[in-house]
$ cat upload-v6.cif   # mmCIF, C-alpha atoms
data_structure
#
loop_
_atom_site.label_atom_id
_atom_site.label_comp_id
_atom_site.auth_asym_id
_atom_site.auth_seq_id
_atom_site.Cartn_x
_atom_site.Cartn_y
_atom_site.Cartn_z
CA MET A 891 24.24 14.59 2.98
CA THR A 892 23.65 11.87 5.56
CA VAL A 893 22.06 12.06 9.00
CA ASP A 894 23.95 10.70 11.98
CA LEU A 895 21.32 8.48 13.59
CA SER A 896 23.58 7.77 16.54
CA ILE A 897 22.42 11.14 17.90
CA PRO A 898 19.10 10.69 19.78
CA ALA A 899 17.73 14.05 18.61
CA ALA A 900 18.45 13.15 14.98
CA ARG A 901 16.56 9.89 15.38
CA TRP A 902 13.49 11.65 16.69
CA ILE A 903 13.62 14.27 13.94
CA VAL A 904 13.77 11.56 11.27
CA GLU A 905 10.99 9.63 13.01
CA CYS A 906 8.80 12.74 13.01
CA GLY A 907 9.62 13.07 9.32
CA PHE A 908 8.21 9.60 8.68
CA PHE A 909 5.01 10.57 10.52
CA LEU A 910 4.58 13.85 8.63
CA VAL A 911 5.30 12.29 5.23
CA GLY A 912 2.87 9.49 6.03
CA ALA A 913 0.15 11.96 6.99
CA SER A 914 0.70 13.98 3.79
CA LEU A 915 0.63 10.90 1.60
CA GLY A 916 -2.45 9.69 3.47
CA SER A 917 -4.13 12.95 2.47
CA PHE A 918 -3.29 12.22 -1.17
CA LEU A 919 -4.69 8.70 -0.75
CA ASN A 920 -8.00 10.24 0.27
CA VAL A 921 -7.99 12.26 -2.94
CA CYS A 922 -7.36 9.08 -4.93
CA PHE A 923 -10.09 7.14 -3.09
CA TRP A 924 -12.66 9.80 -3.94
CA ARG A 925 -11.64 10.83 -7.46
CA ILE A 926 -10.34 7.72 -9.22
CA PRO A 927 -13.67 5.82 -9.07
CA ARG A 928 -15.36 8.93 -10.47
CA GLY A 929 -12.88 9.37 -13.29
CA GLU A 930 -11.56 12.68 -11.96
CA SER A 931 -7.94 13.85 -12.14
CA VAL A 932 -5.92 13.45 -8.96
CA VAL A 933 -3.29 15.95 -10.14
CA THR A 934 -4.77 18.92 -12.00
CA THR A 935 -7.96 19.56 -10.01
CA PRO A 936 -7.41 21.67 -6.85
CA SER A 937 -8.71 20.39 -3.50
CA HIS A 938 -12.31 21.44 -3.02
CA CYS A 939 -15.35 20.72 -0.88
CA THR A 940 -17.45 18.04 -2.59
CA SER A 941 -20.63 19.69 -1.27
CA CYS A 942 -20.23 23.41 -2.09
CA GLN A 943 -17.28 23.02 -4.53
CA HIS A 944 -15.40 25.83 -2.75
CA LYS A 945 -11.62 25.61 -3.15
CA ILE A 946 -9.94 24.50 0.08
CA ALA A 947 -7.19 26.85 1.28
CA TRP A 948 -3.83 25.39 2.22
CA PHE A 949 -4.36 26.11 5.92
CA ASP A 950 -7.57 24.05 5.82
CA ASN A 951 -5.81 21.21 4.08
CA LEU A 952 -3.25 20.27 6.72
CA PRO A 953 -3.24 16.49 7.22
CA VAL A 954 -4.87 15.33 10.48
CA LEU A 955 -4.80 18.82 12.06
CA SER A 956 -7.31 20.56 9.78
CA PHE A 957 -9.94 17.87 10.35
CA LEU A 958 -9.63 18.34 14.11
CA ILE A 959 -9.56 22.17 13.97
CA LEU A 960 -12.63 22.35 11.70
CA ARG A 961 -14.33 19.53 13.62
CA GLY A 962 -14.73 17.55 10.44
CA ARG A 963 -16.73 20.19 8.56
CA CYS A 964 -16.24 22.50 5.60
CA ARG A 965 -15.32 26.03 6.67
CA TYR A 966 -17.72 27.56 4.12
CA CYS A 967 -20.86 25.40 3.91
CA ARG A 968 -20.37 23.45 7.18
CA ALA A 969 -21.10 20.18 5.41
CA PRO A 970 -19.56 17.25 7.31
CA TYR A 971 -16.51 15.48 5.93
CA SER A 972 -16.31 11.72 6.06
CA PRO A 973 -14.31 10.47 9.08
CA ARG A 974 -12.40 8.40 6.53
CA TYR A 975 -10.28 11.46 5.70
CA PHE A 976 -9.00 11.72 9.24
CA PHE A 977 -8.50 8.00 9.85
CA ILE A 978 -6.68 7.33 6.56
CA GLU A 979 -4.29 10.23 7.20
CA LEU A 980 -3.65 9.17 10.78
CA ALA A 981 -3.34 5.46 9.94
CA THR A 982 -0.84 6.13 7.15
CA ALA A 983 1.18 8.45 9.41
CA LEU A 984 1.27 5.89 12.23
CA LEU A 985 2.13 3.06 9.86
CA PHE A 986 5.07 4.99 8.38
CA ALA A 987 6.24 6.01 11.84
CA ALA A 988 6.01 2.44 13.15
CA PHE A 989 7.94 1.06 10.20
CA GLY A 990 10.51 3.84 10.41
CA ALA A 991 11.05 3.00 14.08
CA THR A 992 12.04 -0.57 13.14
CA GLY A 993 15.10 0.83 11.40
CA ILE A 994 15.77 4.03 13.31
CA PHE A 995 15.43 2.82 16.89
CA ALA A 996 15.47 -0.98 16.78
CA ASP A 997 17.91 -1.70 13.92
CA TRP A 998 15.46 -4.40 12.86
CA THR A 999 15.10 -3.10 9.31
CA PRO A 1000 18.06 -2.15 7.08
CA LYS A 1001 18.20 1.60 6.46
CA SER A 1002 18.20 0.99 2.70
CA PHE A 1003 14.81 -0.74 3.00
CA LEU A 1004 12.97 1.96 4.96
CA ILE A 1005 11.82 4.08 2.01
CA PRO A 1006 10.99 1.14 -0.32
CA GLY A 1007 9.17 -0.51 2.58
CA CYS A 1008 7.09 2.60 3.22
CA ALA A 1009 6.25 2.74 -0.49
CA ALA A 1010 5.11 -0.89 -0.37
CA LEU A 1011 2.98 -0.26 2.74
CA TYR A 1012 1.45 2.77 1.01
CA PHE A 1013 0.58 0.58 -1.97
CA ALA A 1014 -0.88 -1.99 0.45
CA ILE A 1015 -3.29 0.57 1.91
CA ALA A 1016 -4.38 1.64 -1.57
CA ILE A 1017 -5.09 -1.83 -2.97
CA ALA A 1018 -6.78 -2.98 0.24
CA TRP A 1019 -9.19 -0.03 0.19
CA PHE A 1020 -10.03 -0.21 -3.50
CA ASP A 1021 -10.58 -3.97 -3.46
CA LEU A 1022 -12.62 -3.92 -0.26
CA ARG A 1023 -14.71 -0.89 -1.22
CA TYR A 1024 -15.12 -1.32 -4.98
CA GLY A 1025 -14.03 -4.89 -5.70
CA VAL A 1026 -11.43 -3.72 -8.22
CA ILE A 1027 -7.86 -2.44 -8.15
CA PRO A 1028 -7.44 0.44 -10.66
CA ARG A 1029 -4.84 -0.09 -13.36
CA GLY A 1030 -3.39 3.36 -12.78
CA VAL A 1031 -2.53 2.41 -9.19
CA THR A 1032 -0.75 -0.82 -10.13
CA VAL A 1033 1.10 0.67 -13.11
CA THR A 1034 2.31 3.60 -11.00
CA ALA A 1035 3.49 1.19 -8.29
CA PHE A 1036 5.25 -1.00 -10.86
CA LEU A 1037 7.16 1.92 -12.37
CA GLY A 1038 7.84 3.37 -8.93
CA GLY A 1039 9.24 0.02 -7.82
CA ILE A 1040 11.74 0.05 -10.69
CA LEU A 1041 12.84 3.59 -9.82
CA LEU A 1042 13.22 2.68 -6.15
CA ALA A 1043 15.34 -0.32 -7.15
CA GLY A 1044 17.68 2.09 -8.89
CA CYS A 1045 17.83 4.32 -5.81
CA PHE A 1046 18.34 1.42 -3.36
CA PRO A 1047 20.04 -1.34 -5.36
CA LEU A 1048 21.29 -3.27 -2.32
CA ASN A 1049 17.73 -4.44 -1.72
CA PHE A 1050 18.09 -6.43 -4.95
CA GLY A 1051 21.43 -7.93 -4.00
CA THR A 1052 23.66 -5.74 -6.17
CA PRO A 1053 25.45 -2.38 -5.84
CA ASP A 1054 24.78 -1.60 -9.51
CA ARG A 1055 21.76 0.67 -9.99
CA LEU A 1056 20.97 -0.32 -13.56
CA GLU A 1057 21.28 -4.00 -12.74
CA ALA A 1058 18.90 -3.58 -9.79
CA MET A 1059 16.35 -1.84 -12.04
CA LEU A 1060 16.58 -4.69 -14.53
CA PHE A 1061 16.09 -7.23 -11.73
CA SER A 1062 13.07 -5.27 -10.55
CA ALA A 1063 11.49 -5.07 -14.01
CA ALA A 1064 12.24 -8.72 -14.77
CA GLY A 1065 10.74 -9.85 -11.46
CA GLY A 1066 7.58 -7.85 -12.03
CA ILE A 1067 7.12 -9.03 -15.61
CA GLY A 1068 7.89 -12.62 -14.64
CA PHE A 1069 5.29 -12.63 -11.87
CA TYR A 1070 2.75 -11.01 -14.16
CA LEU A 1071 3.16 -13.64 -16.87
CA ALA A 1072 3.18 -16.55 -14.40
CA LEU A 1073 0.06 -15.37 -12.58
CA ALA A 1074 -1.75 -14.44 -15.80
CA ILE A 1075 -1.23 -18.00 -17.08
CA PHE A 1076 -2.25 -19.45 -13.70
CA SER A 1077 -5.37 -17.27 -13.71
CA GLN A 1078 -6.43 -18.48 -17.16
CA ILE A 1079 -5.82 -22.14 -16.37
CA GLY A 1080 -7.65 -21.82 -13.06
CA LYS A 1081 -10.57 -20.10 -14.76
CA ARG A 1082 -10.95 -22.95 -17.24
CA LEU A 1083 -10.70 -25.66 -14.59
CA ALA A 1084 -12.87 -24.01 -11.93
CA ARG A 1085 -15.20 -22.34 -14.45
CA ARG A 1086 -14.94 -19.10 -12.55
CA GLU A 1087 -12.43 -16.31 -12.10
CA ILE A 1088 -9.58 -17.30 -9.76
CA LEU A 1089 -7.57 -14.07 -9.90
CA GLY A 1090 -8.78 -10.79 -11.30
CA GLY A 1091 -6.69 -8.75 -13.70
CA GLY A 1092 -6.10 -6.15 -11.01
CA ASP A 1093 -4.85 -8.83 -8.61
CA VAL A 1094 -2.34 -10.06 -11.19
CA LYS A 1095 -1.07 -6.54 -11.88
CA ALA A 1096 -0.87 -5.80 -8.15
CA ALA A 1097 1.27 -8.90 -7.57
CA ALA A 1098 3.54 -7.84 -10.44
CA ALA A 1099 3.93 -4.40 -8.85
CA VAL A 1100 4.81 -6.06 -5.53
CA ALA A 1101 7.55 -8.07 -7.23
CA ALA A 1102 8.96 -4.92 -8.83
CA MET A 1103 8.96 -3.11 -5.49
CA LEU A 1104 10.14 -5.87 -3.15
CA SER A 1105 11.96 -8.32 -5.46
CA TRP A 1106 10.83 -11.82 -6.39
CA LYS A 1107 11.79 -13.06 -2.93
CA GLY A 1108 9.44 -10.66 -1.21
CA ALA A 1109 6.72 -11.33 -3.79
CA PHE A 1110 7.03 -15.10 -3.27
CA PHE A 1111 6.40 -14.83 0.47
CA ILE A 1112 3.68 -12.20 0.04
CA LEU A 1113 1.77 -14.37 -2.44
CA PHE A 1114 2.14 -17.36 -0.11
CA ALA A 1115 0.86 -15.34 2.86
CA ALA A 1116 -1.93 -13.77 0.79
CA ALA A 1117 -3.14 -17.15 -0.46
CA LEU A 1118 -3.14 -18.52 3.09
CA ALA A 1119 -4.94 -15.44 4.42
CA GLY A 1120 -7.45 -15.64 1.57
CA VAL A 1121 -8.23 -19.30 2.23
CA ILE A 1122 -8.67 -18.74 5.97
CA SER A 1123 -10.80 -15.59 5.65
CA GLY A 1124 -12.84 -17.10 2.82
CA GLY A 1125 -13.47 -20.26 4.80
CA ILE A 1126 -14.53 -18.37 7.91
CA SER A 1127 -16.82 -16.07 5.90
CA ALA A 1128 -18.38 -19.02 4.03
CA ILE A 1129 -19.14 -20.79 7.31
CA ALA A 1130 -20.51 -17.63 8.92
CA HIS A 1131 -22.81 -16.90 5.96
CA HIS A 1132 -23.69 -20.55 5.23
CA ARG A 1133 -22.28 -20.44 1.71
CA GLN A 1134 -20.32 -22.93 -0.33
CA ILE A 1135 -16.67 -21.92 -0.17
CA LYS A 1136 -16.37 -21.99 -3.97
CA ARG A 1137 -19.02 -19.25 -4.13
CA GLN A 1138 -17.27 -17.09 -1.55
CA ARG A 1139 -15.53 -14.00 -2.94
CA VAL A 1140 -12.20 -13.13 -1.36
CA ALA A 1141 -10.81 -9.60 -1.61
CA PHE A 1142 -7.34 -10.68 -2.72
CA GLY A 1143 -6.10 -7.11 -2.63
CA VAL A 1144 -6.68 -7.10 1.13
CA ALA A 1145 -4.87 -10.43 1.44
CA LEU A 1146 -1.94 -9.02 -0.55
CA ALA A 1147 -1.86 -6.03 1.78
CA VAL A 1148 -1.60 -8.36 4.77
CA GLY A 1149 1.28 -10.19 3.09
CA ILE A 1150 3.08 -6.91 2.34
CA ALA A 1151 2.78 -5.78 5.96
CA LEU A 1152 4.08 -9.13 7.23
CA TRP A 1153 7.08 -8.99 4.91
CA CYS A 1154 7.96 -5.36 5.64
CA PHE A 1155 7.71 -5.66 9.41
CA GLY A 1156 8.83 -9.27 9.83
CA LYS A 1157 11.31 -9.95 7.05
CA GLY A 1158 14.15 -10.67 9.48
CA ALA A 1159 12.14 -13.30 11.36
CA ILE A 1160 10.59 -14.77 8.20
CA VAL A 1161 13.86 -15.50 6.42
CA ALA A 1162 15.15 -17.14 9.62
CA LEU A 1163 12.48 -19.84 9.30
CA PRO A 1164 13.70 -23.07 7.64
CA PHE A 1165 11.03 -23.00 4.92
CA PHE A 1166 11.87 -19.42 3.90
CA CYS A 1167 15.63 -19.40 4.44
CA ALA A 1168 16.19 -19.32 0.65
CA LEU A 1169 14.59 -15.84 0.58
CA ARG A 1170 17.50 -14.23 2.46
#
$ encode --input "upload-v6.cif" --output "structure tokens"
Amino acid sequence: MTVDLSIPAARWIVECGFFLVGASLGSFLNVCFWRIPRGESVVTTPSHCTSCQHKIAWFDNLPVLSFLILRGRCRYCRAPYSPRYFFIELATALLFAAFGATGIFADWTPKSFLIPGCAALYFAIAIAWFDLRYGVIPRGVTVTAFLGGILLAGCFPLNFGTPDRLEAMLFSAAGGIGFYLALAIFSQIGKRLARREILGGGDVKAAAAVAAMLSWKGAFFILFAAALAGVISGGISAIAHHRQIKRQRVAFGVALAVGIALWCFGKGAIVALPFFCALR
């Protein structure tokens, strides 16, 4: 069944769908942000208040709305919830809606790229938060994204330049594995030459997942943009804190997230540039 997006009402219904899905997935992100660092299951354990441990009813677990209705507090013990819950849900919803609009209203993004693009943006939020907050990107997050990227390639093969689903999945897996091996070798060589870690293991796995999700062409630009963003932010931070730039840590997961957002929202303009025309 397909939706006729030439009908204005249908466009708005689909756009609202992007917002609602984004808010729901943002709620799950909050679960991951709290439980993964503590070694808790994100699947089997029901939602509960972290203060009184009371199970949260479904009507108190509505993304965005429940936080506002309960004024950011637990219904039972009145302990305050972190504002992060609300802002992550709202930010994810708005990001999905904004990206959906580029294909639904503006015809800027191919329809076949909307769902894979949302998945990549979702991954970007996850790796940015984990790297910025904890300085590490969990392996479970990158492995899930890698496998999800291969499945999405099978669902939307045209994003990999072929109508064949199996061929697209093979391209996706090969791109991810290729980027992983190349960056793992680069990381080891850089570590020996610079006598310090250049890329963490989580960064390498995250880049491999990006290649599986967005093809080697997308991964090439994203790594280029991430490296540039990392150098600029690292340089500014080193100057501001009066440190040597070689001692300045850069959250590469955040830089990757910036690159993913640039590629998803600006792919059409990027591949029109002379330097990146080969990525079409």
$ resolve_selection --input "upload-v6.cif" --expression "the PyMOL selection byres ((chain A and resi 1075-1088) around 12)" --output "PDB file with C-alpha atoms, in the coordinates of the input"
ATOM      1  CA  GLY A1068       7.890 -12.620 -14.640  1.00  0.00           C
ATOM      2  CA  PHE A1069       5.290 -12.630 -11.870  1.00  0.00           C
ATOM      3  CA  TYR A1070       2.750 -11.010 -14.160  1.00  0.00           C
ATOM      4  CA  LEU A1071       3.160 -13.640 -16.870  1.00  0.00           C
ATOM      5  CA  ALA A1072       3.180 -16.550 -14.400  1.00  0.00           C
ATOM      6  CA  LEU A1073       0.060 -15.370 -12.580  1.00  0.00           C
ATOM      7  CA  ALA A1074      -1.750 -14.440 -15.800  1.00  0.00           C
ATOM      8  CA  LEU A1089      -7.570 -14.070  -9.900  1.00  0.00           C
ATOM      9  CA  GLY A1090      -8.780 -10.790 -11.300  1.00  0.00           C
ATOM     10  CA  GLY A1091      -6.690  -8.750 -13.700  1.00  0.00           C
ATOM     11  CA  GLY A1092      -6.100  -6.150 -11.010  1.00  0.00           C
ATOM     12  CA  ASP A1093      -4.850  -8.830  -8.610  1.00  0.00           C
ATOM     13  CA  VAL A1094      -2.340 -10.060 -11.190  1.00  0.00           C
ATOM     14  CA  LYS A1095      -1.070  -6.540 -11.880  1.00  0.00           C
ATOM     15  CA  ALA A1117      -3.140 -17.150  -0.460  1.00  0.00           C
ATOM     16  CA  GLY A1120      -7.450 -15.640   1.570  1.00  0.00           C
ATOM     17  CA  LYS A1136     -16.370 -21.990  -3.970  1.00  0.00           C
ATOM     18  CA  ARG A1137     -19.020 -19.250  -4.130  1.00  0.00           C
ATOM     19  CA  GLN A1138     -17.270 -17.090  -1.550  1.00  0.00           C
ATOM     20  CA  ARG A1139     -15.530 -14.000  -2.940  1.00  0.00           C
ATOM     21  CA  VAL A1140     -12.200 -13.130  -1.360  1.00  0.00           C
ATOM     22  CA  ALA A1141     -10.810  -9.600  -1.610  1.00  0.00           C
ATOM     23  CA  PHE A1142      -7.340 -10.680  -2.720  1.00  0.00           C
TER      24      PHE A1142
END
$ resolve_selection --input "upload-v6.cif" --expression "the PyMOL selection byres ((chain A and resi 982) around 12)" --output "VMD selection string"
chain A and resid 908 to 920 953 to 954 974 to 981 983 to 989 1008 to 1016
$ resolve_selection --input "upload-v6.cif" --expression "the PyMOL selection byres ((chain A and resi 990-1005) around 12)" --output "ChimeraX atom specification"
/A:892-912,983-989,1006-1012,1038-1039,1041-1051,1053,1103-1105,1153-1159
$ atom_distance --input "upload-v6.cif" --atom1 "CA of Pro1164 (chain A)" --atom2 "CA of Gly1065 (chain A)"
23.4 Å
$ closest_residue --input "upload-v6.cif" --among "A:Leu1169, A:Val1144, A:Ile1160, A:Cys942" --to "Pro970 (chain A)" --atoms "only C-alpha atoms"
A:Cys942
$ atom_distance --input "upload-v6.cif" --atom1 "CA of Ile1067 (chain A)" --atom2 "CA of Ala1096 (chain A)"
11.4 Å
$ axis_aligned_box --input "upload-v6.cif" --around "region 1048-1062 of chain A" --padding-each-side "4 Å" --output "lines of an AutoDock Vina configuration file"
center_x = 19.3
center_y = -3.6
center_z = -8.1
size_x = 20.4
size_y = 16.6
size_z = 20.8
$ closest_residue --input "upload-v6.cif" --among "A:Ala1147, A:Val1100, A:Ala1058, A:Cys922" --to "Pro1028 (chain A)" --atoms "all atoms listed in the file"
A:Cys922
$ atom_distance --input "upload-v6.cif" --atom1 "CA of Gly1149 (chain A)" --atom2 "CA of Thr1052 (chain A)"
24.6 Å
$ closest_residue --input "upload-v6.cif" --among "A:Ile1126, A:Ala1151, A:Ile1040, A:Ala1018" --to "Ala1101 (chain A)" --atoms "all atoms listed in the file"
A:Ile1040
$ closest_residue --input "upload-v6.cif" --among "A:Ala1099, A:Ala1145, A:Trp1106, A:Asp1054" --to "Leu1037 (chain A)" --atoms "all atoms listed in the file"
A:Ala1099
$ residues_around --input "upload-v6.cif" --residues "Ala1168 (chain A)" --least-positions-apart "6" --cutoff "10 Å" --atoms "only C-alpha atoms" --output "ChimeraX atom specification"
/A:1107,1161-1162
$ closest_residue --input "upload-v6.cif" --among "A:Ile959, A:Cys967, A:Val921, A:Ala1063" --to "Ser941 (chain A)" --atoms "only C-alpha atoms"
A:Cys967
$ build_atoms --input "upload-v6.cif" --residues "region 993-1004 of chain A" --atoms "all heavy atoms" --output "PDB file, in the frame of the given file"
ATOM      1  N   GLY A 993      13.744   0.633  11.906  1.00  0.00           N
ATOM      2  CA  GLY A 993      15.100   0.830  11.400  1.00  0.00           C
ATOM      3  C   GLY A 993      15.865   1.928  12.108  1.00  0.00           C
ATOM      4  O   GLY A 993      17.088   1.900  12.168  1.00  0.00           O
ATOM      5  N   ILE A 994      15.121   2.885  12.663  1.00  0.00           N
ATOM      6  CA  ILE A 994      15.770   4.030  13.310  1.00  0.00           C
ATOM      7  C   ILE A 994      16.134   3.728  14.757  1.00  0.00           C
ATOM      8  O   ILE A 994      17.214   4.051  15.223  1.00  0.00           O
ATOM      9  CB  ILE A 994      14.842   5.263  13.241  1.00  0.00           C
ATOM     10  CG1 ILE A 994      14.618   5.674  11.778  1.00  0.00           C
ATOM     11  CG2 ILE A 994      15.436   6.425  14.022  1.00  0.00           C
ATOM     12  CD1 ILE A 994      13.545   6.717  11.603  1.00  0.00           C
ATOM     13  N   PHE A 995      15.217   3.077  15.468  1.00  0.00           N
ATOM     14  CA  PHE A 995      15.430   2.820  16.890  1.00  0.00           C
ATOM     15  C   PHE A 995      15.830   1.374  17.184  1.00  0.00           C
ATOM     16  O   PHE A 995      16.619   1.120  18.087  1.00  0.00           O
ATOM     17  CB  PHE A 995      14.168   3.159  17.686  1.00  0.00           C
ATOM     18  CG  PHE A 995      13.831   4.617  17.683  1.00  0.00           C
ATOM     19  CD1 PHE A 995      12.782   5.103  16.926  1.00  0.00           C
ATOM     20  CD2 PHE A 995      14.568   5.516  18.431  1.00  0.00           C
ATOM     21  CE1 PHE A 995      12.462   6.447  16.914  1.00  0.00           C
ATOM     22  CE2 PHE A 995      14.264   6.866  18.431  1.00  0.00           C
ATOM     23  CZ  PHE A 995      13.214   7.334  17.669  1.00  0.00           C
ATOM     24  N   ALA A 996      15.261   0.428  16.443  1.00  0.00           N
ATOM     25  CA  ALA A 996      15.470  -0.980  16.780  1.00  0.00           C
ATOM     26  C   ALA A 996      16.519  -1.672  15.936  1.00  0.00           C
ATOM     27  O   ALA A 996      16.928  -2.781  16.261  1.00  0.00           O
ATOM     28  CB  ALA A 996      14.139  -1.732  16.661  1.00  0.00           C
ATOM     29  N   ASP A 997      16.958  -1.056  14.843  1.00  0.00           N
ATOM     30  CA  ASP A 997      17.910  -1.700  13.920  1.00  0.00           C
ATOM     31  C   ASP A 997      17.402  -3.039  13.428  1.00  0.00           C
ATOM     32  O   ASP A 997      18.173  -3.952  13.143  1.00  0.00           O
ATOM     33  CB  ASP A 997      19.283  -1.868  14.604  1.00  0.00           C
ATOM     34  CG  ASP A 997      19.960  -0.532  14.871  1.00  0.00           C
ATOM     35  OD1 ASP A 997      19.759   0.383  14.055  1.00  0.00           O
ATOM     36  OD2 ASP A 997      20.642  -0.409  15.900  1.00  0.00           O
ATOM     37  N   TRP A 998      16.086  -3.160  13.338  1.00  0.00           N
ATOM     38  CA  TRP A 998      15.460  -4.400  12.860  1.00  0.00           C
ATOM     39  C   TRP A 998      15.398  -4.417  11.338  1.00  0.00           C
ATOM     40  O   TRP A 998      15.505  -5.452  10.708  1.00  0.00           O
ATOM     41  CB  TRP A 998      14.054  -4.519  13.456  1.00  0.00           C
ATOM     42  CG  TRP A 998      13.250  -5.689  12.996  1.00  0.00           C
ATOM     43  CD1 TRP A 998      12.228  -5.679  12.088  1.00  0.00           C
ATOM     44  CD2 TRP A 998      13.385  -7.054  13.402  1.00  0.00           C
ATOM     45  NE1 TRP A 998      11.718  -6.932  11.906  1.00  0.00           N
ATOM     46  CE2 TRP A 998      12.412  -7.804  12.713  1.00  0.00           C
ATOM     47  CE3 TRP A 998      14.239  -7.708  14.287  1.00  0.00           C
ATOM     48  CZ2 TRP A 998      12.271  -9.179  12.875  1.00  0.00           C
ATOM     49  CZ3 TRP A 998      14.089  -9.085  14.455  1.00  0.00           C
ATOM     50  CH2 TRP A 998      13.119  -9.803  13.753  1.00  0.00           C
ATOM     51  N   THR A 999      15.211  -3.234  10.760  1.00  0.00           N
ATOM     52  CA  THR A 999      15.100  -3.100   9.310  1.00  0.00           C
ATOM     53  C   THR A 999      16.309  -2.367   8.766  1.00  0.00           C
ATOM     54  O   THR A 999      16.690  -1.327   9.307  1.00  0.00           O
ATOM     55  CB  THR A 999      13.820  -2.304   8.953  1.00  0.00           C
ATOM     56  OG1 THR A 999      12.680  -2.995   9.466  1.00  0.00           O
ATOM     57  CG2 THR A 999      13.678  -2.160   7.439  1.00  0.00           C
ATOM     58  N   PRO A1000      16.939  -2.864   7.687  1.00  0.00           N
ATOM     59  CA  PRO A1000      18.060  -2.150   7.080  1.00  0.00           C
ATOM     60  C   PRO A1000      17.648  -0.745   6.635  1.00  0.00           C
ATOM     61  O   PRO A1000      16.535  -0.551   6.150  1.00  0.00           O
ATOM     62  CB  PRO A1000      18.432  -3.023   5.873  1.00  0.00           C
ATOM     63  CG  PRO A1000      17.894  -4.370   6.199  1.00  0.00           C
ATOM     64  CD  PRO A1000      16.657  -4.138   7.002  1.00  0.00           C
ATOM     65  N   LYS A1001      18.525   0.211   6.815  1.00  0.00           N
ATOM     66  CA  LYS A1001      18.200   1.600   6.460  1.00  0.00           C
ATOM     67  C   LYS A1001      17.830   1.725   4.986  1.00  0.00           C
ATOM     68  O   LYS A1001      16.981   2.527   4.615  1.00  0.00           O
ATOM     69  CB  LYS A1001      19.403   2.512   6.767  1.00  0.00           C
ATOM     70  CG  LYS A1001      19.898   2.472   8.212  1.00  0.00           C
ATOM     71  CD  LYS A1001      18.862   2.964   9.186  1.00  0.00           C
ATOM     72  CE  LYS A1001      19.408   3.080  10.607  1.00  0.00           C
ATOM     73  NZ  LYS A1001      19.790   1.781  11.190  1.00  0.00           N
ATOM     74  N   SER A1002      18.463   0.903   4.142  1.00  0.00           N
ATOM     75  CA  SER A1002      18.200   0.990   2.700  1.00  0.00           C
ATOM     76  C   SER A1002      16.802   0.500   2.340  1.00  0.00           C
ATOM     77  O   SER A1002      16.316   0.742   1.229  1.00  0.00           O
ATOM     78  CB  SER A1002      19.230   0.163   1.928  1.00  0.00           C
ATOM     79  OG  SER A1002      19.120  -1.215   2.263  1.00  0.00           O
ATOM     80  N   PHE A1003      16.136  -0.179   3.281  1.00  0.00           N
ATOM     81  CA  PHE A1003      14.810  -0.740   3.000  1.00  0.00           C
ATOM     82  C   PHE A1003      13.683   0.134   3.546  1.00  0.00           C
ATOM     83  O   PHE A1003      12.512  -0.116   3.270  1.00  0.00           O
ATOM     84  CB  PHE A1003      14.708  -2.151   3.587  1.00  0.00           C
ATOM     85  CG  PHE A1003      13.441  -2.887   3.221  1.00  0.00           C
ATOM     86  CD1 PHE A1003      13.115  -3.127   1.891  1.00  0.00           C
ATOM     87  CD2 PHE A1003      12.575  -3.331   4.202  1.00  0.00           C
ATOM     88  CE1 PHE A1003      11.939  -3.794   1.547  1.00  0.00           C
ATOM     89  CE2 PHE A1003      11.405  -4.008   3.875  1.00  0.00           C
ATOM     90  CZ  PHE A1003      11.088  -4.238   2.542  1.00  0.00           C
ATOM     91  N   LEU A1004      14.011   1.167   4.308  1.00  0.00           N
ATOM     92  CA  LEU A1004      12.970   1.960   4.960  1.00  0.00           C
ATOM     93  C   LEU A1004      12.058   2.668   3.948  1.00  0.00           C
ATOM     94  O   LEU A1004      10.830   2.605   4.056  1.00  0.00           O
ATOM     95  CB  LEU A1004      13.599   2.976   5.912  1.00  0.00           C
ATOM     96  CG  LEU A1004      14.173   2.400   7.212  1.00  0.00           C
ATOM     97  CD1 LEU A1004      14.816   3.503   8.041  1.00  0.00           C
ATOM     98  CD2 LEU A1004      13.091   1.688   8.004  1.00  0.00           C
TER      99      LEU A1004
END
